[in-house]
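Novice: Below is one structure. I have some questions about it.
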Amino acid sequence: MQIKASFRKEILAFFRTNKFLIVAIVIIGWAIVSPLIIVGSVALLEAMEPLYDAIGMDISAMTGMLDATTVSMGVYTGITNTTQVGLIVYLLLINSFAGGEQVKRSVIIPRSSGLRNFCYVFPKYIVFPAAAFFLTVIGAFASWGISALVYDVHDVAAMGVLLGGALAGISMMFYVCCHLTLGTATSKPGMSAAVCITAAMLLPDIFSFSGADLIYNPFTLNYLGASLVHETAMLYYQQLDVIMSVVVAFVLMLILYFIALFVQNAQKVDNRGNEIRL
């Protein structure tokens, strides 16, 4: 009964505050816009070509490269952008669920009434990572649909989009779990969001540019997913490698959950003072 009520509380809080709607608009909207940005860049360069010719600059090679963009490139751009911009918005919007309740002391009365830490923590690691996963997959298919309309070279199959979107979604889940663990453990959701966003912005590029392999690395699953959209890239990676990458990510997420639960069981809520923090 208590676990059911906890799930209901998280879901209703997520939807009734319109935070889910905002996240959905940002992730799916950015997935749609990203392929169109390339088209807009081509149109802008072509419009400015006479100006570049007047100053002696030849941009025909650049416009030709953009004109040859394939559907896979559009989906790749959509996935990488949504797992960066979308993730920033997502982490900021769920601050109130990642330790914000503890800052406002809104968990004191429920805990005094018998709310178990398991029922408080567990629903968070189901509702918010799952929402991030499904929105990312939908965003990948939205990028695919728009790219298929604006590009002539169709080199992406539905299975590739599903695989790429799923891996990108797992990447989003991993960062959401990191935020939930750090936020609930420290009761500082703002700091937690800043740390996770910084990690999400820097670590994938650092690992990618350093030559580190994308497999077995949860920090670069979004790049791996975006790469696997292309059919030739799917042949490069072995199925076992991809499966193991997913297993590693889920094992780490499970560890993050148990860390959060352990901290909640170990810490005591400071109920001293009479100030009200809203």
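The chains in the structure tokens are called A, B, ... from first to last as shown; in each chain the residues are counted from 1, and the ligands are counted from 1 in the order shown.
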Pull the alpha helix (DSSP H) assignments for region 172-247 of chain A out of DSSP run on the backbone, and list those residues as a PyMOL selection string.

Specialist: chain A and resi 172-186+189-209+221-227+231-236+239-247

Novice: Save out the residues we just selected, C-alpha atoms, as a PDB file, in the first residue's frame.

Specialist:
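Output below, filename part_35.pdb:
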ATOM      1  CA  MET A 172      19.942   9.572 -19.963  1.00  0.00           C
ATOM      2  CA  MET A 173      18.793   7.089 -17.323  1.00  0.00           C
ATOM      3  CA  PHE A 174      22.332   6.787 -15.986  1.00  0.00           C
ATOM      4  CA  TYR A 175      22.758  10.538 -15.511  1.00  0.00           C
ATOM      5  CA  VAL A 176      19.293  10.817 -13.954  1.00  0.00           C
ATOM      6  CA  CYS A 177      20.237   8.095 -11.446  1.00  0.00           C
ATOM      7  CA  CYS A 178      23.477   9.923 -10.682  1.00  0.00           C
ATOM      8  CA  HIS A 179      21.475  13.074  -9.981  1.00  0.00           C
ATOM      9  CA  LEU A 180      18.959  11.256  -7.794  1.00  0.00           C
ATOM     10  CA  THR A 181      21.702   9.598  -5.753  1.00  0.00           C
ATOM     11  CA  LEU A 182      23.828  12.687  -5.234  1.00  0.00           C
ATOM     12  CA  GLY A 183      20.820  14.930  -4.634  1.00  0.00           C
ATOM     13  CA  THR A 184      19.032  12.725  -2.098  1.00  0.00           C
ATOM     14  CA  ALA A 185      22.289  11.845  -0.338  1.00  0.00           C
ATOM     15  CA  THR A 186      23.400  15.457   0.144  1.00  0.00           C
ATOM     16  CA  PRO A 189      19.812  19.184  -5.595  1.00  0.00           C
ATOM     17  CA  GLY A 190      21.258  22.327  -7.159  1.00  0.00           C
ATOM     18  CA  MET A 191      24.806  21.199  -6.530  1.00  0.00           C
ATOM     19  CA  SER A 192      23.953  17.702  -7.709  1.00  0.00           C
ATOM     20  CA  ALA A 193      22.457  19.011 -10.962  1.00  0.00           C
ATOM     21  CA  ALA A 194      25.524  21.177 -11.584  1.00  0.00           C
ATOM     22  CA  VAL A 195      27.889  18.238 -11.073  1.00  0.00           C
ATOM     23  CA  CYS A 196      25.880  15.867 -13.271  1.00  0.00           C
ATOM     24  CA  ILE A 197      25.400  18.428 -16.037  1.00  0.00           C
ATOM     25  CA  THR A 198      29.111  19.248 -16.047  1.00  0.00           C
ATOM     26  CA  ALA A 199      29.949  15.553 -16.218  1.00  0.00           C
ATOM     27  CA  ALA A 200      27.459  15.005 -19.047  1.00  0.00           C
ATOM     28  CA  MET A 201      28.886  17.925 -21.026  1.00  0.00           C
ATOM     29  CA  LEU A 202      32.570  17.143 -20.564  1.00  0.00           C
ATOM     30  CA  LEU A 203      33.112  13.431 -19.965  1.00  0.00           C
ATOM     31  CA  PRO A 204      31.679  12.048 -23.246  1.00  0.00           C
ATOM     32  CA  ASP A 205      33.865  14.385 -25.304  1.00  0.00           C
ATOM     33  CA  ILE A 206      36.908  13.722 -23.127  1.00  0.00           C
ATOM     34  CA  PHE A 207      36.530   9.961 -23.478  1.00  0.00           C
ATOM     35  CA  SER A 208      35.770  10.244 -27.190  1.00  0.00           C
ATOM     36  CA  PHE A 209      38.686  12.531 -28.053  1.00  0.00           C
ATOM     37  CA  LEU A 221      26.433   5.546 -24.355  1.00  0.00           C
ATOM     38  CA  ASN A 222      24.748   8.455 -26.137  1.00  0.00           C
ATOM     39  CA  TYR A 223      27.639   8.636 -28.635  1.00  0.00           C
ATOM     40  CA  LEU A 224      27.581   4.870 -29.045  1.00  0.00           C
ATOM     41  CA  GLY A 225      23.841   4.955 -29.683  1.00  0.00           C
ATOM     42  CA  ALA A 226      24.148   7.794 -32.177  1.00  0.00           C
ATOM     43  CA  SER A 227      26.937   5.949 -33.991  1.00  0.00           C
ATOM     44  CA  GLU A 231      24.039   0.440 -40.656  1.00  0.00           C
ATOM     45  CA  THR A 232      27.779   0.212 -41.363  1.00  0.00           C
ATOM     46  CA  ALA A 233      28.570   1.203 -37.783  1.00  0.00           C
ATOM     47  CA  MET A 234      26.304  -1.593 -36.547  1.00  0.00           C
ATOM     48  CA  LEU A 235      28.603  -4.042 -38.297  1.00  0.00           C
ATOM     49  CA  TYR A 236      31.664  -2.557 -36.575  1.00  0.00           C
ATOM     50  CA  GLN A 239      26.461  -7.550 -30.409  1.00  0.00           C
ATOM     51  CA  LEU A 240      28.069  -8.873 -27.243  1.00  0.00           C
ATOM     52  CA  ASP A 241      29.960  -5.589 -26.778  1.00  0.00           C
ATOM     53  CA  VAL A 242      26.765  -3.584 -27.020  1.00  0.00           C
ATOM     54  CA  ILE A 243      24.939  -5.924 -24.642  1.00  0.00           C
ATOM     55  CA  MET A 244      27.770  -5.749 -22.120  1.00  0.00           C
ATOM     56  CA  SER A 245      27.768  -1.951 -22.331  1.00  0.00           C
ATOM     57  CA  VAL A 246      24.088  -1.978 -21.398  1.00  0.00           C
ATOM     58  CA  VAL A 247      24.721  -4.460 -18.575  1.00  0.00           C
TER      59      VAL A 247
END

Novice: What's around Ile126 (chain A) at 12 Å? Count only C-alpha atoms, leave out sequence neighbours fewer than 3 positions away in its own chain, and write the answer as number ranges by chain.

Specialist: A: 3, 6-8, 10-11, 119-123, 129-133, 173-174, 176-177, 180, 253-254, 257

Novice: Using N, CA and C atoms, can you write the selected residues to a file as a compact mmCIF listing (two decimals), in the first residue's frame?

Specialist:
# COMPACT_ATOMS: atom_id res chain seq x y z
N ILE A 3 4.04 1.53 -0.94
CA ILE A 3 4.82 1.65 -2.18
C ILE A 3 3.93 2.15 -3.31
N SER A 6 3.49 5.81 -2.86
CA SER A 6 4.72 6.53 -3.20
C SER A 6 4.87 6.69 -4.71
N PHE A 7 4.54 5.63 -5.45
CA PHE A 7 4.56 5.74 -6.91
C PHE A 7 3.54 6.78 -7.38
N ARG A 8 2.37 6.75 -6.81
CA ARG A 8 1.33 7.70 -7.19
C ARG A 8 1.79 9.13 -6.92
N GLU A 10 4.91 10.35 -6.81
CA GLU A 10 5.94 10.78 -7.76
C GLU A 10 5.35 11.06 -9.14
N ILE A 11 4.46 10.19 -9.59
CA ILE A 11 3.88 10.36 -10.92
C ILE A 11 3.00 11.61 -10.98
N CYS A 119 10.39 2.90 0.33
CA CYS A 119 9.24 3.44 -0.41
C CYS A 119 9.47 4.87 -0.85
N TYR A 120 10.34 5.58 -0.15
CA TYR A 120 10.65 6.95 -0.53
C TYR A 120 11.62 6.98 -1.71
N VAL A 121 12.60 6.08 -1.73
CA VAL A 121 13.66 6.12 -2.73
C VAL A 121 13.30 5.33 -3.98
N PHE A 122 12.77 4.13 -3.81
CA PHE A 122 12.59 3.22 -4.95
C PHE A 122 11.77 3.80 -6.10
N PRO A 123 10.60 4.43 -5.85
CA PRO A 123 9.81 4.95 -6.97
C PRO A 123 10.56 5.98 -7.81
N PRO A 129 13.92 7.83 -14.36
CA PRO A 129 14.74 7.23 -15.42
C PRO A 129 13.90 6.66 -16.56
N ALA A 130 12.76 6.03 -16.23
CA ALA A 130 11.92 5.45 -17.28
C ALA A 130 11.36 6.53 -18.20
N ALA A 131 10.94 7.66 -17.63
CA ALA A 131 10.43 8.76 -18.44
C ALA A 131 11.51 9.31 -19.36
N ALA A 132 12.73 9.43 -18.84
CA ALA A 132 13.84 9.92 -19.67
C ALA A 132 14.12 8.96 -20.81
N PHE A 133 14.05 7.66 -20.54
CA PHE A 133 14.31 6.66 -21.58
C PHE A 133 13.29 6.74 -22.71
N MET A 173 19.15 7.73 -18.58
CA MET A 173 18.79 7.09 -17.32
C MET A 173 19.96 7.10 -16.34
N PHE A 174 21.16 6.84 -16.85
CA PHE A 174 22.33 6.79 -15.99
C PHE A 174 22.59 8.13 -15.31
N VAL A 176 20.40 10.53 -14.86
CA VAL A 176 19.29 10.82 -13.95
C VAL A 176 19.50 10.09 -12.63
N CYS A 177 19.96 8.85 -12.68
CA CYS A 177 20.24 8.09 -11.45
C CYS A 177 21.37 8.74 -10.66
N LEU A 180 19.81 11.68 -8.91
CA LEU A 180 18.96 11.26 -7.79
C LEU A 180 19.79 10.82 -6.60
N MET A 253 23.75 1.70 -12.31
CA MET A 253 22.52 2.35 -11.84
C MET A 253 21.97 1.64 -10.60
N LEU A 254 22.09 0.31 -10.57
CA LEU A 254 21.64 -0.44 -9.40
C LEU A 254 22.50 -0.09 -8.18
N TYR A 257 21.44 3.22 -6.84
CA TYR A 257 20.20 3.11 -6.06
C TYR A 257 20.50 2.63 -4.65

Novice: Contacts between region 21-39 of chain A and region 71-189 of chain A, please, where a residue of region 71-189 of chain A counts if it comes within 9 Å (with only C-alpha atoms); show its shortest atom pair and distance in Å to one decimal, rows by chain and ascending number, as a Markdown table.

Specialist:
| residue | atom | partner | partner_atom | distance |
| --- | --- | --- | --- | --- |
| A:Val71 | CA | A:Pro35 | CA | 8.6 |
| A:Met73 | CA | A:Pro35 | CA | 8.1 |
| A:Gly74 | CA | A:Pro35 | CA | 4.6 |
| A:Val75 | CA | A:Pro35 | CA | 7.0 |
| A:Tyr76 | CA | A:Pro35 | CA | 8.8 |
| A:Thr77 | CA | A:Ser34 | CA | 6.2 |
| A:Gly78 | CA | A:Ala31 | CA | 4.6 |
| A:Ile79 | CA | A:Ala31 | CA | 6.8 |
| A:Asn81 | CA | A:Ser34 | CA | 7.0 |
| A:Thr82 | CA | A:Ile27 | CA | 5.6 |
| A:Thr83 | CA | A:Ile27 | CA | 8.2 |
| A:Val85 | CA | A:Ile27 | CA | 7.8 |
| A:Gly86 | CA | A:Ile27 | CA | 4.9 |
| A:Leu87 | CA | A:Ile27 | CA | 8.2 |
| A:Val89 | CA | A:Val23 | CA | 6.7 |
| A:Tyr90 | CA | A:Val23 | CA | 5.9 |
| A:Leu93 | CA | A:Val23 | CA | 8.0 |
| A:Ala132 | CA | A:Val23 | CA | 8.7 |
| A:Leu135 | CA | A:Ala24 | CA | 6.4 |
| A:Thr136 | CA | A:Ile27 | CA | 6.9 |
| A:Ile138 | CA | A:Ile28 | CA | 7.0 |
| A:Gly139 | CA | A:Ile28 | CA | 4.6 |
| A:Ala140 | CA | A:Ala31 | CA | 6.7 |
| A:Phe141 | CA | A:Ala31 | CA | 8.6 |
| A:Ala142 | CA | A:Ile32 | CA | 5.8 |
| A:Ser143 | CA | A:Ile32 | CA | 5.1 |
| A:Trp144 | CA | A:Ile32 | CA | 8.6 |
| A:Gly145 | CA | A:Ile32 | CA | 8.4 |
| A:Ile146 | CA | A:Ile32 | CA | 6.3 |
| A:Ser147 | CA | A:Pro35 | CA | 6.0 |
| A:Val150 | CA | A:Val39 | CA | 7.7 |
| A:Tyr151 | CA | A:Val39 | CA | 8.7 |

Novice: Those selected residues, please, written with C-alpha atoms and delivered as an mmCIF file, in the first residue's frame.

Specialist:
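That gives us out.cif:
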data_model
loop_
_atom_site.group_PDB
_atom_site.id
_atom_site.type_symbol
_atom_site.label_atom_id
_atom_site.label_comp_id
_atom_site.auth_asym_id
_atom_site.auth_seq_id
_atom_site.Cartn_x
_atom_site.Cartn_y
_atom_site.Cartn_z
ATOM 1 C CA VAL A 71 19.395 10.640 -42.828
ATOM 2 C CA MET A 73 23.658 12.194 -39.929
ATOM 3 C CA GLY A 74 20.366 13.910 -39.128
ATOM 4 C CA VAL A 75 19.455 11.241 -36.591
ATOM 5 C CA TYR A 76 22.992 11.298 -35.164
ATOM 6 C CA THR A 77 22.715 15.059 -34.650
ATOM 7 C CA GLY A 78 19.261 14.720 -33.128
ATOM 8 C CA ILE A 79 20.329 12.065 -30.626
ATOM 9 C CA ASN A 81 21.754 17.162 -29.109
ATOM 10 C CA THR A 82 18.775 15.786 -27.192
ATOM 11 C CA THR A 83 21.021 13.858 -24.804
ATOM 12 C CA VAL A 85 20.291 19.944 -24.137
ATOM 13 C CA GLY A 86 17.402 17.719 -23.108
ATOM 14 C CA LEU A 87 19.390 16.268 -20.227
ATOM 15 C CA VAL A 89 16.512 20.683 -18.761
ATOM 16 C CA TYR A 90 15.505 17.297 -17.347
ATOM 17 C CA LEU A 93 13.337 20.195 -13.547
ATOM 18 C CA ALA A 132 13.841 9.919 -19.667
ATOM 19 C CA LEU A 135 11.191 10.403 -24.283
ATOM 20 C CA THR A 136 14.661 9.871 -25.733
ATOM 21 C CA ILE A 138 10.546 8.996 -29.116
ATOM 22 C CA GLY A 139 12.939 11.849 -29.863
ATOM 23 C CA ALA A 140 15.154 9.530 -31.926
ATOM 24 C CA PHE A 141 12.198 8.474 -34.062
ATOM 25 C CA ALA A 142 11.141 12.121 -34.406
ATOM 26 C CA SER A 143 14.619 12.951 -35.736
ATOM 27 C CA TRP A 144 14.381 10.014 -38.120
ATOM 28 C CA GLY A 145 11.010 11.154 -39.458
ATOM 29 C CA ILE A 146 12.132 14.743 -40.061
ATOM 30 C CA SER A 147 15.451 13.652 -41.571
ATOM 31 C CA VAL A 150 14.395 16.722 -45.764
ATOM 32 C CA TYR A 151 17.268 14.444 -46.899
#
